[in-house]
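What follows is the content of run_13.pdb, which has PDB, C-alpha atoms:
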ATOM      1  CA  MET Q   1    -125.355  51.688  72.275  1.00  0.00           C
ATOM      2  CA  GLN Q   2    -128.397  50.678  74.311  1.00  0.00           C
ATOM      3  CA  LYS Q   3    -131.068  48.439  72.764  1.00  0.00           C
ATOM      4  CA  GLU Q   4    -134.504  50.020  72.428  1.00  0.00           C
ATOM      5  CA  THR Q   5    -137.073  48.058  74.429  1.00  0.00           C
ATOM      6  CA  THR Q   6    -140.259  49.958  73.639  1.00  0.00           C
ATOM      7  CA  ARG Q   7    -142.489  50.160  70.596  1.00  0.00           C
ATOM      8  CA  LYS Q   8    -145.722  51.905  69.643  1.00  0.00           C
ATOM      9  CA  CYS Q   9    -148.997  49.990  69.347  1.00  0.00           C
ATOM     10  CA  ILE Q  10    -150.594  50.729  65.964  1.00  0.00           C
ATOM     11  CA  VAL Q  11    -154.086  50.575  67.510  1.00  0.00           C
ATOM     12  CA  THR Q  12    -153.808  52.557  70.756  1.00  0.00           C
ATOM     13  CA  GLY Q  13    -150.795  54.716  69.921  1.00  0.00           C
ATOM     14  CA  GLN Q  14    -149.318  53.858  73.330  1.00  0.00           C
ATOM     15  CA  ILE Q  15    -145.594  53.299  73.648  1.00  0.00           C
ATOM     16  CA  LEU Q  16    -145.115  50.086  75.602  1.00  0.00           C
ATOM     17  CA  ASP Q  17    -142.380  47.652  76.495  1.00  0.00           C
ATOM     18  CA  LYS Q  18    -141.977  45.035  73.746  1.00  0.00           C
ATOM     19  CA  SER Q  19    -142.991  42.318  76.224  1.00  0.00           C
ATOM     20  CA  ALA Q  20    -146.513  43.820  76.320  1.00  0.00           C
ATOM     21  CA  LEU Q  21    -146.829  43.792  72.533  1.00  0.00           C
ATOM     22  CA  LEU Q  22    -147.315  41.289  69.732  1.00  0.00           C
ATOM     23  CA  ARG Q  23    -144.950  41.681  66.776  1.00  0.00           C
ATOM     24  CA  PHE Q  24    -146.104  41.220  63.187  1.00  0.00           C
ATOM     25  CA  THR Q  25    -144.483  41.659  59.798  1.00  0.00           C
ATOM     26  CA  THR Q  26    -145.444  41.121  56.174  1.00  0.00           C
ATOM     27  CA  LEU Q  27    -144.533  38.417  53.694  1.00  0.00           C
ATOM     28  CA  PRO Q  28    -143.479  39.312  50.113  1.00  0.00           C
ATOM     29  CA  ASP Q  29    -147.164  39.186  49.052  1.00  0.00           C
ATOM     30  CA  ASN Q  30    -147.989  41.731  51.842  1.00  0.00           C
ATOM     31  CA  THR Q  31    -149.818  39.189  53.999  1.00  0.00           C
ATOM     32  CA  VAL Q  32    -149.515  40.092  57.693  1.00  0.00           C
ATOM     33  CA  VAL Q  33    -148.065  37.299  59.834  1.00  0.00           C
ATOM     34  CA  PRO Q  34    -146.998  36.938  63.483  1.00  0.00           C
ATOM     35  CA  ASP Q  35    -143.271  37.332  64.033  1.00  0.00           C
ATOM     36  CA  PHE Q  36    -142.917  36.811  67.787  1.00  0.00           C
ATOM     37  CA  LYS Q  37    -139.319  35.594  67.521  1.00  0.00           C
ATOM     38  CA  LYS Q  38    -138.263  38.466  65.245  1.00  0.00           C
ATOM     39  CA  LYS Q  39    -136.848  36.084  62.653  1.00  0.00           C
ATOM     40  CA  LEU Q  40    -138.638  37.303  59.528  1.00  0.00           C
ATOM     41  CA  PRO Q  41    -137.420  40.149  57.304  1.00  0.00           C
ATOM     42  CA  ASN Q  42    -139.361  43.381  56.843  1.00  0.00           C
ATOM     43  CA  LYS Q  43    -140.438  46.012  59.316  1.00  0.00           C
ATOM     44  CA  GLY Q  44    -142.059  44.964  62.582  1.00  0.00           C
ATOM     45  CA  ILE Q  45    -145.555  46.198  63.382  1.00  0.00           C
ATOM     46  CA  TYR Q  46    -146.742  46.061  66.978  1.00  0.00           C
ATOM     47  CA  VAL Q  47    -150.154  45.564  68.585  1.00  0.00           C
ATOM     48  CA  THR Q  48    -150.824  45.436  72.318  1.00  0.00           C
ATOM     49  CA  ASN Q  49    -151.169  41.835  73.526  1.00  0.00           C
ATOM     50  CA  SER Q  50    -154.966  41.820  73.398  1.00  0.00           C
ATOM     51  CA  LYS Q  51    -157.383  39.770  71.325  1.00  0.00           C
ATOM     52  CA  SER Q  52    -159.860  42.646  71.070  1.00  0.00           C
ATOM     53  CA  LEU Q  53    -157.168  45.116  69.943  1.00  0.00           C
ATOM     54  CA  LEU Q  54    -155.841  42.664  67.369  1.00  0.00           C
ATOM     55  CA  GLU Q  55    -159.387  42.205  66.057  1.00  0.00           C
ATOM     56  CA  LYS Q  56    -159.716  45.992  65.862  1.00  0.00           C
ATOM     57  CA  ALA Q  57    -156.399  46.240  63.979  1.00  0.00           C
ATOM     58  CA  VAL Q  58    -157.654  43.711  61.418  1.00  0.00           C
ATOM     59  CA  ASN Q  59    -161.194  45.129  61.121  1.00  0.00           C
ATOM     60  CA  THR Q  60    -160.035  48.733  60.676  1.00  0.00           C
ATOM     61  CA  ASN Q  61    -157.159  47.903  58.327  1.00  0.00           C
ATOM     62  CA  MET Q  62    -154.585  49.336  60.765  1.00  0.00           C
ATOM     63  CA  PHE Q  63    -151.743  47.225  59.366  1.00  0.00           C
ATOM     64  CA  ALA Q  64    -152.125  48.736  55.887  1.00  0.00           C
ATOM     65  CA  LYS Q  65    -152.484  52.250  57.316  1.00  0.00           C
ATOM     66  CA  SER Q  66    -149.419  51.852  59.514  1.00  0.00           C
ATOM     67  CA  LEU Q  67    -147.206  50.392  56.776  1.00  0.00           C
ATOM     68  CA  LYS Q  68    -148.660  52.526  53.977  1.00  0.00           C
ATOM     69  CA  ILE Q  69    -148.969  49.445  51.754  1.00  0.00           C
ATOM     70  CA  LYS Q  70    -151.826  47.131  50.836  1.00  0.00           C
ATOM     71  CA  ALA Q  71    -151.149  44.820  53.783  1.00  0.00           C
ATOM     72  CA  LYS Q  72    -153.519  41.862  53.950  1.00  0.00           C
ATOM     73  CA  ALA Q  73    -154.845  40.803  57.356  1.00  0.00           C
ATOM     74  CA  THR Q  74    -157.990  38.788  58.070  1.00  0.00           C
ATOM     75  CA  LEU Q  75    -159.603  37.566  61.264  1.00  0.00           C
ATOM     76  CA  ALA Q  76    -157.784  34.270  60.649  1.00  0.00           C
ATOM     77  CA  LEU Q  77    -154.738  36.158  61.987  1.00  0.00           C
ATOM     78  CA  VAL Q  78    -156.481  36.444  65.379  1.00  0.00           C
ATOM     79  CA  ASP Q  79    -157.082  32.693  65.439  1.00  0.00           C
ATOM     80  CA  GLN Q  80    -153.483  32.057  64.408  1.00  0.00           C
ATOM     81  CA  VAL Q  81    -152.142  34.235  67.239  1.00  0.00           C
ATOM     82  CA  SER Q  82    -154.503  32.578  69.746  1.00  0.00           C
ATOM     83  CA  PHE Q  83    -153.240  29.169  68.678  1.00  0.00           C
ATOM     84  CA  LEU Q  84    -149.557  30.180  68.769  1.00  0.00           C
ATOM     85  CA  LEU Q  85    -149.814  31.650  72.281  1.00  0.00           C
ATOM     86  CA  TYR Q  86    -151.828  28.642  73.465  1.00  0.00           C
ATOM     87  CA  LYS Q  87    -149.279  26.149  72.074  1.00  0.00           C
ATOM     88  CA  GLN Q  88    -146.347  28.105  73.487  1.00  0.00           C
ATOM     89  CA  ALA Q  89    -147.893  28.118  76.978  1.00  0.00           C
ATOM     90  CA  LEU Q  90    -148.890  24.441  76.809  1.00  0.00           C
ATOM     91  CA  ASN Q  91    -145.461  23.382  75.518  1.00  0.00           C
ATOM     92  CA  SER Q  92    -143.773  25.270  78.351  1.00  0.00           C
ATOM     93  CA  ILE Q  93    -145.399  22.828  80.786  1.00  0.00           C
ATOM     94  CA  SER Q  94    -143.613  19.897  79.124  1.00  0.00           C
ATOM     95  CA  LEU Q  95    -140.321  21.794  79.222  1.00  0.00           C
ATOM     96  CA  ALA Q  96    -140.769  22.400  82.943  1.00  0.00           C
ATOM     97  CA  ARG Q  97    -141.497  18.721  83.510  1.00  0.00           C
ATOM     98  CA  LYS Q  98    -138.375  17.679  81.572  1.00  0.00           C
ATOM     99  CA  ALA Q  99    -136.332  20.162  83.606  1.00  0.00           C
ATOM    100  CA  GLY Q 100    -137.716  18.799  86.875  1.00  0.00           C
ATOM    101  CA  ALA Q 101    -139.234  22.199  87.635  1.00  0.00           C
ATOM    102  CA  MET Q 102    -142.810  21.078  88.304  1.00  0.00           C
ATOM    103  CA  VAL Q 103    -144.819  18.531  90.243  1.00  0.00           C
ATOM    104  CA  SER Q 104    -148.376  17.387  89.649  1.00  0.00           C
ATOM    105  CA  GLY Q 105    -151.058  15.766  91.756  1.00  0.00           C
ATOM    106  CA  MET Q 106    -152.701  17.131  94.887  1.00  0.00           C
ATOM    107  CA  ASP Q 107    -150.321  15.402  97.338  1.00  0.00           C
ATOM    108  CA  LYS Q 108    -147.127  16.522  95.577  1.00  0.00           C
ATOM    109  CA  VAL Q 109    -148.472  20.050  95.130  1.00  0.00           C
ATOM    110  CA  LYS Q 110    -149.450  20.168  98.805  1.00  0.00           C
ATOM    111  CA  GLU Q 111    -145.936  19.038  99.829  1.00  0.00           C
ATOM    112  CA  ALA Q 112    -144.273  21.644  97.587  1.00  0.00           C
ATOM    113  CA  LEU Q 113    -146.495  24.359  99.058  1.00  0.00           C
ATOM    114  CA  LYS Q 114    -145.518  23.283 102.601  1.00  0.00           C
ATOM    115  CA  LYS Q 115    -141.829  23.607 101.625  1.00  0.00           C
ATOM    116  CA  ASN Q 116    -142.507  27.112 100.263  1.00  0.00           C
ATOM    117  CA  SER Q 117    -140.855  26.143  96.973  1.00  0.00           C
ATOM    118  CA  VAL Q 118    -143.783  26.971  94.667  1.00  0.00           C
ATOM    119  CA  ALA Q 119    -143.528  29.919  92.277  1.00  0.00           C
ATOM    120  CA  PHE Q 120    -147.132  29.547  91.049  1.00  0.00           C
ATOM    121  CA  LEU Q 121    -149.806  26.935  90.386  1.00  0.00           C
ATOM    122  CA  LEU Q 122    -151.750  25.722  87.395  1.00  0.00           C
ATOM    123  CA  GLU Q 123    -155.192  24.298  88.003  1.00  0.00           C
ATOM    124  CA  ALA Q 124    -157.250  22.689  85.250  1.00  0.00           C
ATOM    125  CA  SER Q 125    -160.040  25.029  84.179  1.00  0.00           C
ATOM    126  CA  ASP Q 126    -162.550  22.204  84.680  1.00  0.00           C
ATOM    127  CA  ALA Q 127    -161.331  21.191  88.155  1.00  0.00           C
ATOM    128  CA  GLY Q 128    -163.987  20.177  90.647  1.00  0.00           C
ATOM    129  CA  ASN Q 129    -165.142  22.613  93.329  1.00  0.00           C
ATOM    130  CA  ASP Q 130    -163.804  20.452  96.165  1.00  0.00           C
ATOM    131  CA  GLY Q 131    -160.254  20.287  94.777  1.00  0.00           C
ATOM    132  CA  HIS Q 132    -160.399  23.957  93.838  1.00  0.00           C
ATOM    133  CA  SER Q 133    -161.358  24.977  97.386  1.00  0.00           C
ATOM    134  CA  LYS Q 134    -158.550  22.865  98.857  1.00  0.00           C
ATOM    135  CA  ILE Q 135    -155.885  24.263  96.542  1.00  0.00           C
ATOM    136  CA  VAL Q 136    -157.000  27.869  97.095  1.00  0.00           C
ATOM    137  CA  SER Q 137    -156.866  27.479 100.885  1.00  0.00           C
ATOM    138  CA  MET Q 138    -153.414  25.849 100.706  1.00  0.00           C
ATOM    139  CA  ALA Q 139    -151.978  28.290  98.147  1.00  0.00           C
ATOM    140  CA  GLN Q 140    -152.774  31.475 100.104  1.00  0.00           C
ATOM    141  CA  HIS Q 141    -150.601  34.067  98.294  1.00  0.00           C
ATOM    142  CA  VAL Q 142    -149.447  31.871  95.411  1.00  0.00           C
ATOM    143  CA  GLU Q 143    -150.827  32.854  92.001  1.00  0.00           C
ATOM    144  CA  ILE Q 144    -153.063  30.248  90.318  1.00  0.00           C
ATOM    145  CA  PHE Q 145    -153.593  30.044  86.548  1.00  0.00           C
ATOM    146  CA  ASN Q 146    -156.605  28.271  84.957  1.00  0.00           C
ATOM    147  CA  LEU Q 147    -155.763  28.094  81.263  1.00  0.00           C
ATOM    148  CA  PHE Q 148    -156.164  24.458  80.219  1.00  0.00           C
ATOM    149  CA  THR Q 149    -158.627  21.615  80.712  1.00  0.00           C
ATOM    150  CA  ILE Q 150    -157.799  18.296  82.361  1.00  0.00           C
ATOM    151  CA  GLU Q 151    -157.852  16.663  78.926  1.00  0.00           C
ATOM    152  CA  GLU Q 152    -155.383  19.192  77.495  1.00  0.00           C
ATOM    153  CA  LEU Q 153    -153.012  18.750  80.447  1.00  0.00           C
ATOM    154  CA  ASP Q 154    -153.283  14.951  80.290  1.00  0.00           C
ATOM    155  CA  LYS Q 155    -152.446  14.962  76.599  1.00  0.00           C
ATOM    156  CA  GLU Q 156    -149.470  17.320  77.024  1.00  0.00           C
ATOM    157  CA  LEU Q 157    -148.002  15.401  79.966  1.00  0.00           C
ATOM    158  CA  ALA Q 158    -149.045  11.887  78.845  1.00  0.00           C
ATOM    159  CA  LYS Q 159    -150.745  11.370  82.210  1.00  0.00           C
ATOM    160  CA  GLU Q 160    -154.262  10.840  83.466  1.00  0.00           C
ATOM    161  CA  ASN Q 161    -156.399  13.196  85.506  1.00  0.00           C
ATOM    162  CA  THR Q 162    -153.910  16.081  85.725  1.00  0.00           C
ATOM    163  CA  VAL Q 163    -155.715  18.749  87.716  1.00  0.00           C
ATOM    164  CA  HIS Q 164    -153.074  20.552  89.800  1.00  0.00           C
ATOM    165  CA  ILE Q 165    -149.495  21.452  88.910  1.00  0.00           C
ATOM    166  CA  ALA Q 166    -146.990  23.362  91.022  1.00  0.00           C
ATOM    167  CA  PHE Q 167    -144.064  25.072  89.343  1.00  0.00           C
ATOM    168  CA  ILE Q 168    -140.946  25.158  91.488  1.00  0.00           C
ATOM    169  CA  LYS Q 169    -139.239  28.516  92.019  1.00  0.00           C
ATOM    170  CA  GLY Q 170    -136.442  29.182  89.545  1.00  0.00           C
ATOM    171  CA  LYS Q 171    -135.587  30.313  86.049  1.00  0.00           C
ATOM    172  CA  MET Q 172    -137.803  27.716  84.324  1.00  0.00           C
ATOM    173  CA  ALA Q 173    -140.813  28.754  86.408  1.00  0.00           C
ATOM    174  CA  ASN Q 174    -140.241  32.366  85.348  1.00  0.00           C
ATOM    175  CA  THR Q 175    -140.219  31.333  81.682  1.00  0.00           C
ATOM    176  CA  VAL Q 176    -143.408  29.286  82.042  1.00  0.00           C
ATOM    177  CA  LYS Q 177    -145.136  32.054  83.968  1.00  0.00           C
ATOM    178  CA  GLU Q 178    -144.341  34.588  81.241  1.00  0.00           C
ATOM    179  CA  SER Q 179    -145.924  32.340  78.597  1.00  0.00           C
ATOM    180  CA  PHE Q 180    -148.996  31.857  80.829  1.00  0.00           C
ATOM    181  CA  LYS Q 181    -149.315  35.597  81.460  1.00  0.00           C
ATOM    182  CA  ARG Q 182    -148.990  36.335  77.746  1.00  0.00           C
ATOM    183  CA  LEU Q 183    -151.785  33.882  76.886  1.00  0.00           C
ATOM    184  CA  ALA Q 184    -154.032  35.053  79.743  1.00  0.00           C
ATOM    185  CA  SER Q 185    -153.519  38.709  78.793  1.00  0.00           C
ATOM    186  CA  PHE Q 186    -154.350  38.018  75.147  1.00  0.00           C
ATOM    187  CA  ILE Q 187    -157.526  36.098  76.011  1.00  0.00           C
ATOM    188  CA  ASN Q 188    -158.801  38.477  78.692  1.00  0.00           C
ATOM    189  CA  ASN Q 189    -158.136  41.859  77.058  1.00  0.00           C
TER     190      ASN Q 189
END

This structure in structure tokens:
Amino acid sequence: MQKETTRKCIVTGQILDKSALLRFTTLPDNTVVPDFKKKLPNKGIYVTNSKSLLEKAVNTNMFAKSLKIKAKATLALVDQVSFLLYKQALNSISLARKAGAMVSGMDKVKEALKKNSVAFLLEASDAGNDGHSKIVSMAQHVEIFNLFTIEELDKELAKENTVHIAFIKGKMANTVKESFKRLASFINN
């Protein structure tokens, strides 16, 4: 028996791959909560990975309509999802560092790019124009994410002035990239 990999978004009605959706369920008191790891009991409810669509689901009471119960969802759910996706993406950077799957600092990033070993880059969202121009010209066809500030990166990596990070090609880089894409998609849609 083959596992089903698609679900229907309660807002758009589109049938999408589960990876493009956010999963929710209800607690015994009918409060709607995120269930991204599919660990909680009760039926899963899916919304496209989009902040605006999640807001629409909350504002139009789509969870209650979909489940045919008095499901309780407030805009605090949107903030909760934003925070969870943000933390997951930020924590993935530390995992990559522990696995030896990333380098930081302009010189190390430059060297990794020369070796063609970079899967993608992360640049602090508040990077200076000079450093940004240099990294863009060096990166050429390598995707660059701008999701976190220097302060956020410094705190996560226990370093100072973390502006550029290169993730080395491999399984860990794929995992990190998926968490970055999920956060970026949620924020930008």

Q: Using all atoms listed in the file, find the one residue out of Q:Thr175, Q:Asp126, Q:Ile165, Q:Ala101 that sits nearest to Glu151 of chain Q.
A: Q:Asp126

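For the set Q:Ala20, Q:Cys9, Q:Ala119, Q:Ala112, the residue with the smallest atom-to-atom gap to Asn49 of chain Q is Q:Ala20, counting all atoms listed in the file.
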
Q: Write out as a PyMOL selection string each polymer residue whose atoms come within 8 Å of Val78 of chain Q, counting only C-alpha atoms; drop sequence neighbours fewer than 5 positions from it.
A: chain Q and resi 51+54-55

(Q) Give me the residues near Asp17 of chain Q as a ChimeraX atom specification, where near means some atom within 7 Å (using all atoms listed in the file) and where sequence neighbours in that chain fewer than 4 positions away do not count. (A) /Q:5-7

Q) Taking the file as shown, what set of residues would the PyMOL selection byres ((chain Q and resi 95) around 12) give back, as a PyMOL selection string? A) chain Q and resi 88-94+96-102+156-157+167+171-173+175-176+179

**Q.** Computed interatomic separation between atom CA of Gly128 of chain Q and atom CA of Lys155 of chain Q (Å)
**A.** 18.9 Å

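When the PyMOL selection byres ((chain Q and resi 77) around 10) is evaluated on the file shown here, the picked residues come out as Thr31, Val32, Val33, Pro34, Leu54, Glu55, Val58, Lys72, Ala73, Thr74, Leu75, Ala76, Val78, Asp79, Gln80, Val81, Ser82 and Phe83 of chain Q.
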
For the residues in that selection, give me C-alpha atoms as an mmCIF file, in the frame of the given file.
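Wrote result-v6.cif, looks like this:
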data_model
loop_
_atom_site.group_PDB
_atom_site.id
_atom_site.type_symbol
_atom_site.label_atom_id
_atom_site.label_comp_id
_atom_site.auth_asym_id
_atom_site.auth_seq_id
_atom_site.Cartn_x
_atom_site.Cartn_y
_atom_site.Cartn_z
ATOM 1 C CA THR Q 31 -149.818 39.189 53.999
ATOM 2 C CA VAL Q 32 -149.515 40.092 57.693
ATOM 3 C CA VAL Q 33 -148.065 37.299 59.834
ATOM 4 C CA PRO Q 34 -146.998 36.938 63.483
ATOM 5 C CA LEU Q 54 -155.841 42.664 67.369
ATOM 6 C CA GLU Q 55 -159.387 42.205 66.057
ATOM 7 C CA VAL Q 58 -157.654 43.711 61.418
ATOM 8 C CA LYS Q 72 -153.519 41.862 53.950
ATOM 9 C CA ALA Q 73 -154.845 40.803 57.356
ATOM 10 C CA THR Q 74 -157.990 38.788 58.070
ATOM 11 C CA LEU Q 75 -159.603 37.566 61.264
ATOM 12 C CA ALA Q 76 -157.784 34.270 60.649
ATOM 13 C CA VAL Q 78 -156.481 36.444 65.379
ATOM 14 C CA ASP Q 79 -157.082 32.693 65.439
ATOM 15 C CA GLN Q 80 -153.483 32.057 64.408
ATOM 16 C CA VAL Q 81 -152.142 34.235 67.239
ATOM 17 C CA SER Q 82 -154.503 32.578 69.746
ATOM 18 C CA PHE Q 83 -153.240 29.169 68.678
#

Q.
Report, in Å with one decimal, the straight-line distance from atom CA of Phe145 of chain Q to atom CA of Leu53 of chain Q.
A.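 Rounded to one decimal, the two atoms are 22.7 Å apart.
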
Go through segment 111-168 of chain Q residue by residue and, counting only C-alpha atoms, keep those with an atom at most 12 Å from segment 183-189 of chain Q; for each kept residue give the shortest atom pair and its distance in Å to one decimal, ordered by chain and increasing number, as a Markdown table.
| residue | atom | partner | partner_atom | distance |
| --- | --- | --- | --- | --- |
| Q:Ile144 | CA | Q:Ala184 | CA | 11.7 |
| Q:Phe145 | CA | Q:Ala184 | CA | 8.5 |
| Q:Asn146 | CA | Q:Ala184 | CA | 8.9 |
| Q:Leu147 | CA | Q:Ala184 | CA | 7.3 |
| Q:Phe148 | CA | Q:Ala184 | CA | 10.8 |

Q) Quick one: of Q:Val142, Q:Ala158, Q:Val47, Q:Ile150, who's nearest to Arg23 of chain Q, counting only C-alpha atoms? A)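 When distances to Arg23 of chain Q are compared using only C-alpha atoms, the smallest one comes from Q:Val47.
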
Q) Given the choices Q:Ser104, Q:Ser52, Q:Gln140, Q:Ser117, which gets closest to Val11 of chain Q if the distance is worked out from only C-alpha atoms? A) Q:Ser52

Q: Using all atoms listed in the file, find the one residue out of Q:Lys70, Q:Leu121, Q:Ser133, Q:Ala127 that sits nearest to Asn161 of chain Q.
A: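 Checking each candidate against Asn161 of chain Q, we get Q:Ala127 as the closest.
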
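Atom CA of Lys37 of chain Q to atom CA of Phe180 of chain Q spans 16.9 Å [interatomic distance, one decimal].
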
Q. Taking into account only C-alpha atoms, which residue in the set Q:Lys181, Q:Leu153, Q:Ile69, Q:Ile168 is nearest to Asn116 of chain Q?
A.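 Answer, going by the shortest atom-to-atom distance: Q:Ile168.
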
Which residues come within 12 Å of Ile45 of chain Q, counting all atoms listed in the file, excluding same-chain residues fewer than 4 positions away, as a PDB file with C-alpha atoms, in the frame of the given file?
ATOM      1  CA  ARG Q   7    -142.489  50.160  70.596  1.00  0.00           C
ATOM      2  CA  LYS Q   8    -145.722  51.905  69.643  1.00  0.00           C
ATOM      3  CA  CYS Q   9    -148.997  49.990  69.347  1.00  0.00           C
ATOM      4  CA  ILE Q  10    -150.594  50.729  65.964  1.00  0.00           C
ATOM      5  CA  VAL Q  11    -154.086  50.575  67.510  1.00  0.00           C
ATOM      6  CA  GLY Q  13    -150.795  54.716  69.921  1.00  0.00           C
ATOM      7  CA  LYS Q  18    -141.977  45.035  73.746  1.00  0.00           C
ATOM      8  CA  LEU Q  21    -146.829  43.792  72.533  1.00  0.00           C
ATOM      9  CA  LEU Q  22    -147.315  41.289  69.732  1.00  0.00           C
ATOM     10  CA  ARG Q  23    -144.950  41.681  66.776  1.00  0.00           C
ATOM     11  CA  PHE Q  24    -146.104  41.220  63.187  1.00  0.00           C
ATOM     12  CA  THR Q  25    -144.483  41.659  59.798  1.00  0.00           C
ATOM     13  CA  THR Q  26    -145.444  41.121  56.174  1.00  0.00           C
ATOM     14  CA  VAL Q  32    -149.515  40.092  57.693  1.00  0.00           C
ATOM     15  CA  VAL Q  33    -148.065  37.299  59.834  1.00  0.00           C
ATOM     16  CA  PRO Q  34    -146.998  36.938  63.483  1.00  0.00           C
ATOM     17  CA  ASP Q  35    -143.271  37.332  64.033  1.00  0.00           C
ATOM     18  CA  PHE Q  36    -142.917  36.811  67.787  1.00  0.00           C
ATOM     19  CA  LYS Q  38    -138.263  38.466  65.245  1.00  0.00           C
ATOM     20  CA  LEU Q  40    -138.638  37.303  59.528  1.00  0.00           C
ATOM     21  CA  PRO Q  41    -137.420  40.149  57.304  1.00  0.00           C
ATOM     22  CA  LEU Q  54    -155.841  42.664  67.369  1.00  0.00           C
ATOM     23  CA  ALA Q  57    -156.399  46.240  63.979  1.00  0.00           C
ATOM     24  CA  MET Q  62    -154.585  49.336  60.765  1.00  0.00           C
ATOM     25  CA  PHE Q  63    -151.743  47.225  59.366  1.00  0.00           C
ATOM     26  CA  ALA Q  64    -152.125  48.736  55.887  1.00  0.00           C
ATOM     27  CA  LYS Q  65    -152.484  52.250  57.316  1.00  0.00           C
ATOM     28  CA  SER Q  66    -149.419  51.852  59.514  1.00  0.00           C
ATOM     29  CA  LEU Q  67    -147.206  50.392  56.776  1.00  0.00           C
ATOM     30  CA  LYS Q  68    -148.660  52.526  53.977  1.00  0.00           C
ATOM     31  CA  ALA Q  71    -151.149  44.820  53.783  1.00  0.00           C
TER      32      ALA Q  71
END
